[in-house]
$ cat upload16.csv   # CSV, C-alpha atoms
chain,number,residue,atom,x,y,z
A,1,MET,CA,-34.8,-58.6,-0.4
A,2,ALA,CA,-33.1,-55.9,1.5
A,3,ASP,CA,-30.0,-54.4,0.0
A,4,HIS,CA,-27.2,-54.6,2.6
A,5,THR,CA,-24.6,-52.9,0.3
A,6,ARG,CA,-22.5,-50.6,2.5
A,7,THR,CA,-21.7,-47.1,1.4
A,8,GLU,CA,-18.4,-45.6,2.7
A,9,PRO,CA,-18.7,-42.3,4.5
A,10,GLY,CA,-18.2,-39.4,2.1
A,11,ALA,CA,-18.5,-41.6,-1.0
A,12,PRO,CA,-20.5,-40.1,-3.9
A,13,THR,CA,-24.0,-41.3,-4.3
A,14,ALA,CA,-26.8,-40.5,-6.7
A,15,GLU,CA,-28.5,-38.5,-4.0
A,16,SER,CA,-25.5,-36.7,-2.6
A,17,GLY,CA,-23.6,-35.8,-5.7
A,18,GLN,CA,-20.0,-35.2,-5.0
A,19,PRO,CA,-19.6,-34.8,-1.1
A,20,HIS,CA,-15.9,-35.2,-1.3
A,21,HIS,CA,-15.6,-31.7,-3.0
A,22,GLY,CA,-17.8,-30.0,-0.4
A,23,ARG,CA,-16.0,-31.6,2.5
A,24,ALA,CA,-12.6,-30.8,1.0
A,25,VAL,CA,-13.6,-27.1,0.8
A,26,ALA,CA,-15.0,-27.2,4.3
A,27,ARG,CA,-11.7,-28.7,5.6
A,28,ALA,CA,-9.8,-26.1,3.8
A,29,MET,CA,-11.8,-23.3,5.3
A,30,GLU,CA,-11.5,-24.9,8.8
A,31,GLY,CA,-7.8,-25.2,8.3
A,32,TRP,CA,-7.5,-21.6,7.2
A,33,ILE,CA,-9.6,-20.4,10.2
A,34,ASP,CA,-7.3,-22.5,12.6
A,35,VAL,CA,-4.2,-20.8,11.1
A,36,VAL,CA,-5.7,-17.3,11.4
A,37,ARG,CA,-6.8,-18.1,15.0
A,38,HIS,CA,-3.3,-19.3,15.9
A,39,LYS,CA,-1.7,-16.2,14.4
A,40,LEU,CA,-4.1,-13.9,16.2
A,41,SER,CA,-3.4,-15.6,19.5
A,42,ALA,CA,0.3,-15.1,18.9
A,43,GLY,CA,-0.1,-11.4,18.2
A,44,GLU,CA,0.3,-11.7,14.4
A,45,LEU,CA,-2.8,-9.6,13.6
A,46,GLY,CA,-1.8,-8.8,10.0
A,47,ALA,CA,-4.5,-6.7,8.2
A,48,VAL,CA,-7.4,-7.9,10.3
A,49,PRO,CA,-7.7,-4.7,12.5
A,50,VAL,CA,-7.5,-2.3,9.6
A,51,VAL,CA,-10.0,-4.3,7.5
A,52,LEU,CA,-12.4,-4.2,10.4
A,53,VAL,CA,-11.9,-0.4,10.8
A,54,LEU,CA,-12.4,0.1,7.0
A,55,ALA,CA,-15.6,-1.9,7.0
A,56,ALA,CA,-16.9,0.1,10.0
A,57,VAL,CA,-16.1,3.4,8.3
A,58,TRP,CA,-17.9,2.4,5.1
A,59,ILE,CA,-20.9,1.1,7.0
A,60,ILE,CA,-21.2,4.2,9.1
A,61,PHE,CA,-20.9,6.7,6.2
A,62,GLN,CA,-23.2,4.6,4.0
A,63,SER,CA,-25.9,4.7,6.7
A,64,LEU,CA,-25.4,8.5,6.9
A,65,ASN,CA,-25.5,9.0,3.1
A,66,GLU,CA,-26.5,6.4,0.6
A,67,ASN,CA,-24.2,8.0,-2.0
A,68,PHE,CA,-21.0,7.1,-0.1
A,69,LEU,CA,-20.7,3.6,-1.7
A,70,SER,CA,-21.9,4.8,-5.1
A,71,PRO,CA,-19.8,3.9,-8.1
A,72,ARG,CA,-19.0,7.6,-8.7
A,73,ASN,CA,-17.7,8.2,-5.1
A,74,LEU,CA,-15.7,5.0,-5.0
A,75,SER,CA,-14.1,5.8,-8.3
A,76,ASN,CA,-13.1,9.2,-7.1
A,77,LEU,CA,-11.8,7.6,-3.9
A,78,SER,CA,-9.7,5.2,-5.9
A,79,VAL,CA,-8.0,8.1,-7.6
A,80,ASP,CA,-7.7,10.3,-4.5
A,81,ILE,CA,-5.6,7.7,-2.7
A,82,VAL,CA,-2.9,7.4,-5.3
A,83,GLY,CA,-0.8,10.6,-4.7
A,84,THR,CA,-0.5,10.3,-1.0
A,85,GLY,CA,-0.6,6.5,-1.2
A,86,LEU,CA,2.6,6.4,-3.2
A,87,ILE,CA,4.3,8.6,-0.6
A,88,ALA,CA,3.0,6.3,2.1
A,89,VAL,CA,4.5,3.3,0.3
A,90,GLY,CA,7.9,5.0,0.5
A,91,ILE,CA,7.3,5.7,4.2
A,92,VAL,CA,6.7,1.9,4.6
A,93,PHE,CA,10.3,1.2,3.4
A,94,VAL,CA,11.7,3.6,5.9
A,95,LEU,CA,9.6,2.4,8.8
A,96,LEU,CA,10.8,-1.2,8.1
A,97,LEU,CA,14.2,0.1,9.2
A,98,GLY,CA,12.7,1.5,12.4
A,99,GLU,CA,13.3,5.0,11.1
A,100,LEU,CA,11.1,7.9,9.9
A,101,ASP,CA,11.3,10.2,6.9
A,102,LEU,CA,9.9,13.7,7.6
A,103,SER,CA,11.0,15.2,4.2
A,104,VAL,CA,8.6,13.3,1.9
A,105,GLY,CA,6.1,16.2,1.7
A,106,SER,CA,8.8,18.7,0.8
A,107,ILE,CA,10.3,16.3,-1.8
A,108,SER,CA,6.9,15.8,-3.4
A,109,GLY,CA,6.5,19.6,-3.7
A,110,LEU,CA,10.0,20.0,-5.1
A,111,ALA,CA,9.5,17.3,-7.8
A,112,ALA,CA,6.2,18.9,-8.9
A,113,ALA,CA,7.9,22.4,-9.0
A,114,VAL,CA,10.8,21.1,-11.0
A,115,PHE,CA,8.4,19.5,-13.5
A,116,ALA,CA,6.2,22.6,-13.8
A,117,VAL,CA,8.9,25.1,-14.3
A,118,LEU,CA,10.8,23.0,-16.8
A,119,ASN,CA,7.7,22.2,-18.8
A,120,VAL,CA,5.6,25.4,-18.6
A,121,LYS,CA,8.3,28.1,-18.3
A,122,HIS,CA,11.1,26.5,-20.3
A,123,GLY,CA,9.2,24.4,-22.8
A,124,VAL,CA,10.9,21.1,-22.0
A,125,PRO,CA,8.7,18.2,-23.2
A,126,GLU,CA,6.5,16.8,-20.5
A,127,TRP,CA,7.9,13.3,-20.5
A,128,ILE,CA,11.5,14.6,-20.1
A,129,ALA,CA,10.4,17.1,-17.4
A,130,LEU,CA,8.5,14.3,-15.6
A,131,ILE,CA,11.6,12.1,-15.5
A,132,ILE,CA,13.8,14.9,-14.3
A,133,GLY,CA,11.2,15.7,-11.5
A,134,VAL,CA,11.2,12.1,-10.3
A,135,LEU,CA,15.0,12.0,-10.5
A,136,ALA,CA,15.1,15.1,-8.3
A,137,GLY,CA,13.3,13.2,-5.6
A,138,THR,CA,15.6,10.2,-6.0
A,139,LEU,CA,18.7,12.5,-5.7
A,140,ALA,CA,17.2,14.2,-2.6
A,141,GLY,CA,16.5,10.9,-1.0
A,142,THR,CA,19.9,9.5,-1.8
A,143,VAL,CA,21.7,12.5,-0.3
A,144,GLN,CA,19.6,12.1,2.9
A,145,GLY,CA,20.1,8.3,3.0
A,146,TYR,CA,23.9,8.5,2.6
A,147,SER,CA,24.1,11.2,5.3
A,148,PHE,CA,22.0,9.1,7.7
A,149,ALA,CA,23.9,5.9,7.0
A,150,LYS,CA,27.3,7.5,7.2
A,151,THR,CA,26.9,9.7,10.2
A,152,ARG,CA,24.5,7.4,12.1
A,153,VAL,CA,22.4,10.5,13.0
A,154,PRO,CA,18.7,9.3,13.4
A,155,ALA,CA,16.9,9.5,10.1
A,156,PHE,CA,14.2,11.8,11.4
A,157,VAL,CA,16.8,14.4,12.3
A,158,VAL,CA,18.4,14.2,8.9
A,159,THR,CA,15.1,14.4,7.1
A,160,LEU,CA,13.8,17.2,9.3
A,161,ALA,CA,16.7,19.2,7.9
A,162,GLY,CA,15.8,18.0,4.5
A,163,LEU,CA,12.2,19.1,5.0
A,164,LEU,CA,13.3,22.7,5.4
A,165,THR,CA,16.0,22.5,2.7
A,166,TRP,CA,13.8,21.0,0.0
A,167,ASN,CA,10.9,23.3,0.8
A,168,GLY,CA,13.1,26.3,0.5
A,169,LEU,CA,14.5,25.0,-2.8
A,170,MET,CA,10.9,24.5,-4.1
A,171,LEU,CA,10.0,28.1,-3.2
A,172,TYR,CA,13.2,29.3,-5.0
A,173,ILE,CA,12.4,27.3,-8.1
A,174,LEU,CA,8.8,28.6,-8.3
A,175,GLY,CA,10.0,32.2,-7.9
A,176,THR,CA,7.8,35.2,-7.3
A,177,SER,CA,4.9,33.9,-9.3
A,178,GLY,CA,4.2,31.3,-6.7
A,179,THR,CA,1.7,29.2,-8.8
A,180,VAL,CA,2.2,27.4,-12.1
A,181,ASN,CA,-0.8,26.0,-14.0
A,182,LEU,CA,-0.3,22.8,-15.9
A,183,ASP,CA,-1.7,21.9,-19.3
A,184,GLU,CA,-5.1,20.3,-18.6
A,185,SER,CA,-4.8,18.0,-21.7
A,186,GLY,CA,-1.1,17.2,-21.1
A,187,LEU,CA,0.6,14.0,-20.0
A,188,VAL,CA,0.7,14.7,-16.3
A,189,ALA,CA,-2.9,15.9,-16.2
A,190,LYS,CA,-4.0,12.6,-17.8
A,191,LEU,CA,-2.4,10.6,-15.0
A,192,THR,CA,-5.5,11.2,-12.9
A,193,SER,CA,-8.1,12.1,-15.6
A,194,TYR,CA,-7.8,9.2,-18.0
A,195,TYR,CA,-10.1,6.2,-17.6
A,196,PHE,CA,-10.2,2.9,-19.5
A,197,THR,CA,-13.9,3.0,-20.5
A,198,GLN,CA,-14.0,-0.6,-21.9
A,199,ASP,CA,-15.4,-3.0,-19.4
A,200,GLY,CA,-13.1,-5.7,-20.4
A,201,VAL,CA,-10.0,-3.8,-19.2
A,202,ALA,CA,-11.1,-3.7,-15.6
A,203,TYR,CA,-12.2,-7.3,-15.6
A,204,GLY,CA,-9.0,-8.3,-17.3
A,205,VAL,CA,-6.9,-6.6,-14.7
A,206,ALA,CA,-8.9,-8.3,-12.0
A,207,ALA,CA,-8.4,-11.7,-13.6
A,208,VAL,CA,-4.7,-11.2,-14.1
A,209,GLY,CA,-4.3,-10.0,-10.5
A,210,ALA,CA,-6.1,-13.1,-9.0
A,211,GLY,CA,-4.2,-15.4,-11.3
A,212,LEU,CA,-0.8,-13.9,-10.3
A,213,VAL,CA,-1.8,-14.3,-6.6
A,214,PHE,CA,-2.5,-18.0,-7.2
A,215,LEU,CA,0.7,-18.6,-9.2
A,216,VAL,CA,3.0,-16.7,-6.8
A,217,SER,CA,1.5,-18.5,-3.8
A,218,PHE,CA,1.7,-21.8,-5.6
A,219,GLN,CA,5.4,-21.3,-6.5
A,220,ASP,CA,6.1,-20.3,-2.9
A,221,MET,CA,4.4,-23.5,-1.6
A,222,ARG,CA,6.5,-25.6,-3.9
A,223,ARG,CA,9.8,-24.0,-2.8
A,224,ARG,CA,8.9,-24.3,0.8
A,225,LYS,CA,7.7,-27.9,0.4
A,226,ALA,CA,10.9,-28.9,-1.4
A,227,VAL,CA,13.1,-27.8,1.6
A,228,GLY,CA,10.7,-29.1,4.3
A,229,MET,CA,9.5,-25.7,5.5
A,230,PRO,CA,6.0,-25.0,6.7
A,231,HIS,CA,3.7,-24.0,3.8
A,232,ARG,CA,0.1,-23.3,2.8
A,233,SER,CA,-2.0,-26.1,1.4
A,234,LEU,CA,-3.2,-26.1,-2.2
A,235,ARG,CA,-6.8,-25.7,-0.9
A,236,GLY,CA,-5.7,-22.8,1.3
A,237,ILE,CA,-4.0,-21.1,-1.7
A,238,GLY,CA,-7.2,-21.6,-3.7
A,239,VAL,CA,-9.3,-20.0,-1.0
A,240,ARG,CA,-7.0,-17.0,-0.8
A,241,ALA,CA,-6.9,-16.5,-4.6
A,242,GLY,CA,-10.7,-16.9,-4.7
A,243,ALA,CA,-11.1,-14.2,-2.1
A,244,VAL,CA,-8.8,-11.9,-4.1
A,245,ALA,CA,-10.8,-12.7,-7.2
A,246,VAL,CA,-14.1,-11.9,-5.6
A,247,THR,CA,-12.8,-8.6,-4.3
A,248,ALA,CA,-11.1,-7.6,-7.6
A,249,PHE,CA,-14.1,-8.4,-9.8
A,250,ALA,CA,-16.5,-6.6,-7.4
A,251,ALA,CA,-14.2,-3.5,-7.6
A,252,ALA,CA,-14.1,-3.8,-11.4
A,253,TYR,CA,-17.9,-4.1,-11.6
A,254,LEU,CA,-18.3,-0.9,-9.5
A,255,LEU,CA,-15.7,1.0,-11.5
A,256,ASN,CA,-17.3,0.0,-14.8
A,257,ARG,CA,-20.6,1.4,-13.6
A,258,PHE,CA,-19.0,4.9,-13.6
A,259,GLN,CA,-16.2,5.7,-16.1
A,260,GLY,CA,-14.2,2.5,-16.0
A,261,LEU,CA,-10.8,1.7,-14.6
A,262,PRO,CA,-8.8,4.8,-13.7
A,263,LEU,CA,-5.2,5.0,-15.1
A,264,ALA,CA,-4.0,6.3,-11.8
A,265,LEU,CA,-5.3,3.3,-9.9
A,266,LEU,CA,-3.8,0.9,-12.4
A,267,ILE,CA,-0.4,2.5,-12.1
A,268,PHE,CA,-0.7,2.6,-8.3
A,269,LEU,CA,-1.6,-1.1,-8.0
A,270,VAL,CA,1.2,-2.2,-10.4
A,271,ALA,CA,3.7,-0.1,-8.4
A,272,VAL,CA,2.5,-1.5,-5.0
A,273,ALA,CA,2.6,-5.1,-6.3
A,274,GLY,CA,6.0,-4.7,-7.9
A,275,LEU,CA,7.5,-3.1,-4.8
A,276,ASP,CA,5.9,-5.9,-2.7
A,277,VAL,CA,7.8,-8.4,-4.7
A,278,VAL,CA,11.0,-6.4,-4.3
A,279,LEU,CA,10.5,-6.4,-0.5
A,280,ARG,CA,9.4,-9.9,0.1
A,281,ARG,CA,11.1,-11.9,-2.7
A,282,THR,CA,14.5,-10.3,-3.3
A,283,HIS,CA,17.8,-10.3,-1.5
A,284,TYR,CA,17.5,-6.5,-1.1
A,285,GLY,CA,14.1,-6.8,0.5
A,286,ARG,CA,15.4,-9.5,3.0
A,287,GLN,CA,18.2,-7.1,3.9
A,288,VAL,CA,15.7,-4.3,4.6
A,289,TYR,CA,13.8,-6.6,7.0
A,290,ALA,CA,17.0,-7.8,8.6
A,291,LEU,CA,18.1,-4.2,9.3
A,292,GLY,CA,14.7,-3.5,10.8
A,293,GLY,CA,15.2,-6.4,13.2
A,294,SER,CA,18.6,-5.4,14.3
A,295,VAL,CA,21.2,-3.1,12.7
A,296,GLU,CA,24.0,-4.5,14.8
A,297,ALA,CA,23.2,-8.1,13.9
A,298,ALA,CA,23.0,-7.1,10.3
A,299,ARG,CA,26.5,-5.6,10.5
A,300,ARG,CA,27.9,-8.7,12.1
A,301,ALA,CA,26.3,-10.7,9.3
A,302,SER,CA,28.4,-8.6,6.9
A,303,LEU,CA,25.4,-6.9,5.3
A,304,SER,CA,26.1,-3.7,3.5
A,305,VAL,CA,24.2,-1.4,6.0
A,306,ILE,CA,25.2,1.9,4.4
A,307,ARG,CA,24.2,0.7,0.9
A,308,VAL,CA,20.8,-0.6,2.1
A,309,GLN,CA,20.0,2.4,4.2
A,310,THR,CA,20.9,4.8,1.4
A,311,ALA,CA,18.8,2.8,-1.0
A,312,VAL,CA,15.8,2.8,1.3
A,313,LEU,CA,15.8,6.6,1.6
A,314,ALA,CA,16.4,6.9,-2.2
A,315,VAL,CA,13.2,4.8,-2.7
A,316,SER,CA,11.3,7.0,-0.3
A,317,GLY,CA,12.4,10.1,-2.2
A,318,THR,CA,11.5,8.6,-5.6
A,319,LEU,CA,8.0,7.6,-4.5
A,320,ALA,CA,7.5,11.0,-2.8
A,321,ALA,CA,8.4,12.7,-6.1
A,322,ALA,CA,6.0,10.4,-8.0
A,323,GLY,CA,3.3,11.1,-5.5
A,324,GLY,CA,3.8,14.8,-5.8
A,325,LEU,CA,3.3,14.6,-9.6
A,326,PHE,CA,0.0,12.7,-9.1
A,327,LEU,CA,-1.1,15.3,-6.6
A,328,ALA,CA,-0.2,18.1,-9.0
A,329,SER,CA,-2.1,16.2,-11.7
A,330,ARG,CA,-5.2,16.0,-9.6
A,331,ILE,CA,-5.5,19.9,-9.4
A,332,THR,CA,-3.4,20.6,-12.6
A,333,SER,CA,-1.3,23.2,-10.8
A,334,VAL,CA,1.8,23.6,-8.6
A,335,SER,CA,2.0,26.3,-5.9
A,336,GLN,CA,4.0,27.3,-2.9
A,337,THR,CA,1.8,25.2,-0.7
A,338,SER,CA,2.5,22.0,-2.6
A,339,GLY,CA,3.7,19.3,-0.3
A,340,SER,CA,2.7,21.1,2.8
A,341,GLY,CA,-0.4,20.9,5.1
A,342,VAL,CA,-1.4,17.5,6.4
A,343,LEU,CA,0.2,15.6,3.5
A,344,LEU,CA,3.2,14.3,5.6
A,345,LEU,CA,1.0,13.4,8.5
A,346,ASN,CA,-1.5,11.5,6.3
A,347,ALA,CA,1.3,9.6,4.6
A,348,ILE,CA,2.8,8.5,7.9
A,349,ALA,CA,-0.6,7.7,9.3
A,350,ALA,CA,-1.6,5.6,6.3
A,351,ALA,CA,1.5,3.4,6.7
A,352,VAL,CA,1.0,3.0,10.4
A,353,ILE,CA,-2.7,2.5,10.3
A,354,GLY,CA,-2.3,-0.1,7.5
A,355,GLY,CA,-0.2,-2.3,9.9
A,356,THR,CA,3.5,-1.3,9.4
A,357,SER,CA,5.2,-1.4,12.7
A,358,LEU,CA,6.9,1.7,14.2
A,359,PHE,CA,9.5,-0.7,15.7
A,360,GLY,CA,10.7,-1.8,12.3
A,361,GLY,CA,10.9,-5.2,10.6
A,362,ARG,CA,7.2,-5.7,10.0
A,363,GLY,CA,4.9,-4.4,7.3
A,364,THR,CA,4.3,-4.6,3.5
A,365,THR,CA,3.6,-2.1,0.7
A,366,TRP,CA,-0.1,-3.2,0.9
A,367,SER,CA,-0.2,-1.7,4.4
A,368,ALA,CA,0.0,1.7,2.8
A,369,VAL,CA,-2.9,0.9,0.5
A,370,LEU,CA,-5.2,-0.2,3.3
A,371,GLY,CA,-4.2,2.7,5.6
A,372,MET,CA,-4.7,5.2,2.8
A,373,LEU,CA,-8.2,3.7,2.1
A,374,VAL,CA,-9.1,4.3,5.7
A,375,ILE,CA,-7.9,7.9,5.8
A,376,GLN,CA,-9.4,8.8,2.4
A,377,SER,CA,-12.7,7.1,3.2
A,378,ILE,CA,-12.9,9.2,6.4
A,379,SER,CA,-12.2,12.3,4.4
A,380,SER,CA,-14.6,11.5,1.6
A,381,GLY,CA,-17.3,10.5,4.1
A,382,MET,CA,-16.8,13.8,6.0
A,383,ALA,CA,-17.1,15.8,2.7
A,384,ILE,CA,-20.2,13.9,1.5
A,385,THR,CA,-22.0,14.4,4.9
A,386,ASP,CA,-20.9,18.0,5.3
A,387,THR,CA,-19.0,17.3,8.5
A,388,PRO,CA,-16.5,19.9,9.7
A,389,ALA,CA,-12.9,19.2,8.9
A,390,ALA,CA,-12.0,19.4,12.5
A,391,VAL,CA,-13.9,16.3,13.2
A,392,GLN,CA,-12.0,14.5,10.4
A,393,PHE,CA,-8.7,15.3,12.2
A,394,ILE,CA,-10.1,14.0,15.5
A,395,ILE,CA,-11.3,10.8,14.0
A,396,THR,CA,-8.1,10.2,12.0
A,397,GLY,CA,-6.0,10.9,15.1
A,398,GLY,CA,-8.0,8.5,17.1
A,399,VAL,CA,-7.6,5.7,14.5
A,400,LEU,CA,-3.9,6.4,14.3
A,401,PHE,CA,-3.6,6.2,18.1
A,402,ALA,CA,-5.5,2.9,18.1
A,403,ALA,CA,-3.2,1.6,15.4
A,404,VAL,CA,-0.1,2.5,17.4
A,405,VAL,CA,-1.5,0.8,20.6
A,406,ILE,CA,-2.4,-2.3,18.6
A,407,ASP,CA,1.1,-2.4,17.2
A,408,SER,CA,2.6,-2.1,20.6
A,409,LEU,CA,0.4,-4.8,22.1
A,410,SER,CA,0.9,-7.1,19.1
A,411,ARG,CA,4.7,-6.8,19.5
A,412,ARG,CA,4.5,-7.6,23.2
A,413,SER,CA,2.4,-10.7,22.4
A,414,GLN,CA,4.8,-11.8,19.8
A,415,GLU,CA,7.7,-11.4,22.3
A,416,ALA,CA,5.8,-13.5,24.8
A,417,HIS,CA,5.4,-16.2,22.2
A,418,GLY,CA,9.0,-16.0,21.1
A,419,ARG,CA,8.2,-14.5,17.7
A,420,ALA,CA,9.8,-11.1,17.9

$ encode --input "upload16.csv" --output "structure tokens"
Amino acid sequence: MADHTRTEPGAPTAESGQPHHGRAVARAMEGWIDVVRHKLSAGELGAVPVVLVLAAVWIIFQSLNENFLSPRNLSNLSVDIVGTGLIAVGIVFVLLLGELDLSVGSISGLAAAVFAVLNVKHGVPEWIALIIGVLAGTLAGTVQGYSFAKTRVPAFVVTLAGLLTWNGLMLYILGTSGTVNLDESGLVAKLTSYYFTQDGVAYGVAAVGAGLVFLVSFQDMRRRKAVGMPHRSLRGIGVRAGAVAVTAFAAAYLLNRFQGLPLALLIFLVAVAGLDVVLRRTHYGRQVYALGGSVEAARRASLSVIRVQTAVLAVSGTLAAAGGLFLASRITSVSQTSGSGVLLLNAIAAAVIGGTSLFGGRGTTWSAVLGMLVIQSISSGMAITDTPAAVQFIITGGVLFAAVVIDSLSRRSQEAHGRA
């Protein structure tokens, strides 16, 4: 006798297993794709353009030289981005105000010079000299920030004067010797030479990172849901955290195939993540974004414009100083050329290429990481394929120009959709 028992669509059967789970994942992916498509059509490109550029750069250089994506080269790349990357993160803060800090290169050199002279020439313990060097950057940034906020002179003019002033002070501190060599086994040198060789450290950091992404996103969803605001679905959060986990564990695997997790990279990621929380989840961060949207509106809303603007330039100076110490650590020396050359241009380019808007009010600290990865990948690829440095400047300039054009077009699209 025929069995006329009806099976509901999507119900689990012996043959199909658990189709509910598969269909739920598919619906989550479809919903995520719809959200991304809607944002792209409205001009909210996010990190999509820079990720595509980074992927293209890696594919091209890997095809030219199979060692480009080797664990050794990627490990070196992860350390090389830290010094300039920290400076670029400070630039992100300033760009969010719609301003520009031209003094970060000179401040980075000044901080390194202060540290080197105190430690090497005057015998001050490294950790004390390091703190004083960073505080020198904080002080320089605070002076510039207060001058900018109080006089309302554009920040790029104030910091252009600072560029000359701090560079001259660095040369004065270094004196006639010009170059100071650091202790290759000292604290600062280990910032870029120490690696966590145990495999579990890198995998543990990857697990913690993915877990934090899920927890922070979940808490954000609960808060938004409680007040009736739009929010991500739990499946969408799971997909996002899963993507972060895959990326993090793949990176950990590659790093462990060389020397393990670099201390410099760990410090950099912790700093970027911490500052991202400050920007996006604190009252101070919301004030920074508000000033980037409209300074006059912020004043009318009784925000402390002078205090926020001063603090932003202080943050930029502090991160420039920290970046300068990492750059000095990489070559274990400080000279009269420290903080000069293309350092300033690379830091600004990294922030803009990563997606921080030149018009203010849009960007995150992770923008600097992505932009720095693009710039340093181009530099590394040029070196490994013996391409002239001139070509590197041309390519980096082209990518920067494209980023600025995309930023402008994105802003126009958002204005057309009433989002800017």

$ closest_residue --input "upload16.csv" --among "A:Val89, A:Leu279, A:Val352, A:Ala321" --to "Val134 of chain A" --atoms "all atoms listed in the file"
A:Ala321

$ closest_atom_pairs --input "upload16.csv" --of "segment 70-132 of chain A" --to "segment 331-342 of chain A" --cutoff "10 Å" --atoms "only C-alpha atoms" --output "JSON lines"
{"residue": "A:Thr84", "atom": "CA", "partner": "A:Gly339", "partner_atom": "CA", "distance": 10.0}
{"residue": "A:Ser103", "atom": "CA", "partner": "A:Gly339", "partner_atom": "CA", "distance": 9.5}
{"residue": "A:Val104", "atom": "CA", "partner": "A:Gly339", "partner_atom": "CA", "distance": 8.1}
{"residue": "A:Gly105", "atom": "CA", "partner": "A:Gly339", "partner_atom": "CA", "distance": 4.4}
{"residue": "A:Ser106", "atom": "CA", "partner": "A:Gly339", "partner_atom": "CA", "distance": 5.3}
{"residue": "A:Ile107", "atom": "CA", "partner": "A:Gly339", "partner_atom": "CA", "distance": 7.4}
{"residue": "A:Ser108", "atom": "CA", "partner": "A:Gly339", "partner_atom": "CA", "distance": 5.7}
{"residue": "A:Gly109", "atom": "CA", "partner": "A:Gly339", "partner_atom": "CA", "distance": 4.4}
{"residue": "A:Leu110", "atom": "CA", "partner": "A:Gly339", "partner_atom": "CA", "distance": 8.0}
{"residue": "A:Ala111", "atom": "CA", "partner": "A:Gly339", "partner_atom": "CA", "distance": 9.7}
{"residue": "A:Ala112", "atom": "CA", "partner": "A:Val334", "partner_atom": "CA", "distance": 6.4}
{"residue": "A:Ala113", "atom": "CA", "partner": "A:Val334", "partner_atom": "CA", "distance": 6.2}
{"residue": "A:Val114", "atom": "CA", "partner": "A:Val334", "partner_atom": "CA", "distance": 9.6}
{"residue": "A:Phe115", "atom": "CA", "partner": "A:Val334", "partner_atom": "CA", "distance": 9.2}
{"residue": "A:Ala116", "atom": "CA", "partner": "A:Val334", "partner_atom": "CA", "distance": 6.9}
{"residue": "A:Val117", "atom": "CA", "partner": "A:Val334", "partner_atom": "CA", "distance": 9.2}

$ atom_distance --input "upload16.csv" --atom1 "atom CA of Arg280 of chain A" --atom2 "atom CA of Leu212 of chain A"
15.1 Å

$ closest_residue --input "upload16.csv" --among "A:Val157, A:Ala314, A:Leu97, A:Ile87" --to "Ala298 of chain A" --atoms "all atoms listed in the file"
A:Leu97

$ atom_distance --input "upload16.csv" --atom1 "atom CA of Ala245 of chain A" --atom2 "atom CA of Ser217 of chain A"
14.0 Å

$ atom_distance --input "upload16.csv" --atom1 "atom CA of Tyr284 of chain A" --atom2 "atom CA of Phe148 of chain A"
18.5 Å

$ closest_residue --input "upload16.csv" --among "A:Gly397, A:Pro125, A:Pro49, A:Gly363" --to "Gly90 of chain A" --atoms "only C-alpha atoms"
A:Gly363

$ residues_around --input "upload16.csv" --residues "Ser377 of chain A" --least-positions-apart "6" --cutoff "12 Å" --atoms "all atoms listed in the file" --output "number ranges by chain"
A: 53-62, 68-69, 73-81, 350, 369-371, 383-385, 392, 395-396

$ closest_residue --input "upload16.csv" --among "A:Leu169, A:Arg235, A:Phe258, A:Asp199" --to "Phe218 of chain A" --atoms "only C-alpha atoms"
A:Arg235

$ residues_around --input "upload16.csv" --residues "Met372 of chain A" --least-positions-apart "4" --cutoff "6 Å" --atoms "only C-alpha atoms" --output "PyMOL selection string"
chain A and resi 85+350+368+376

$ residues_around --input "upload16.csv" --residues "segment 249-255 of chain A" --least-positions-apart "4" --cutoff "7 Å" --atoms "only C-alpha atoms" --output "list in words"
Pro71, Ser75, Ala202, Tyr203, Ala206, Ala245, Gln259, Gly260 and Leu261 of chain A

$ closest_residue --input "upload16.csv" --among "A:Asp386, A:Ala311, A:Gly361, A:Leu118" --to "Ser294 of chain A" --atoms "only C-alpha atoms"
A:Gly361
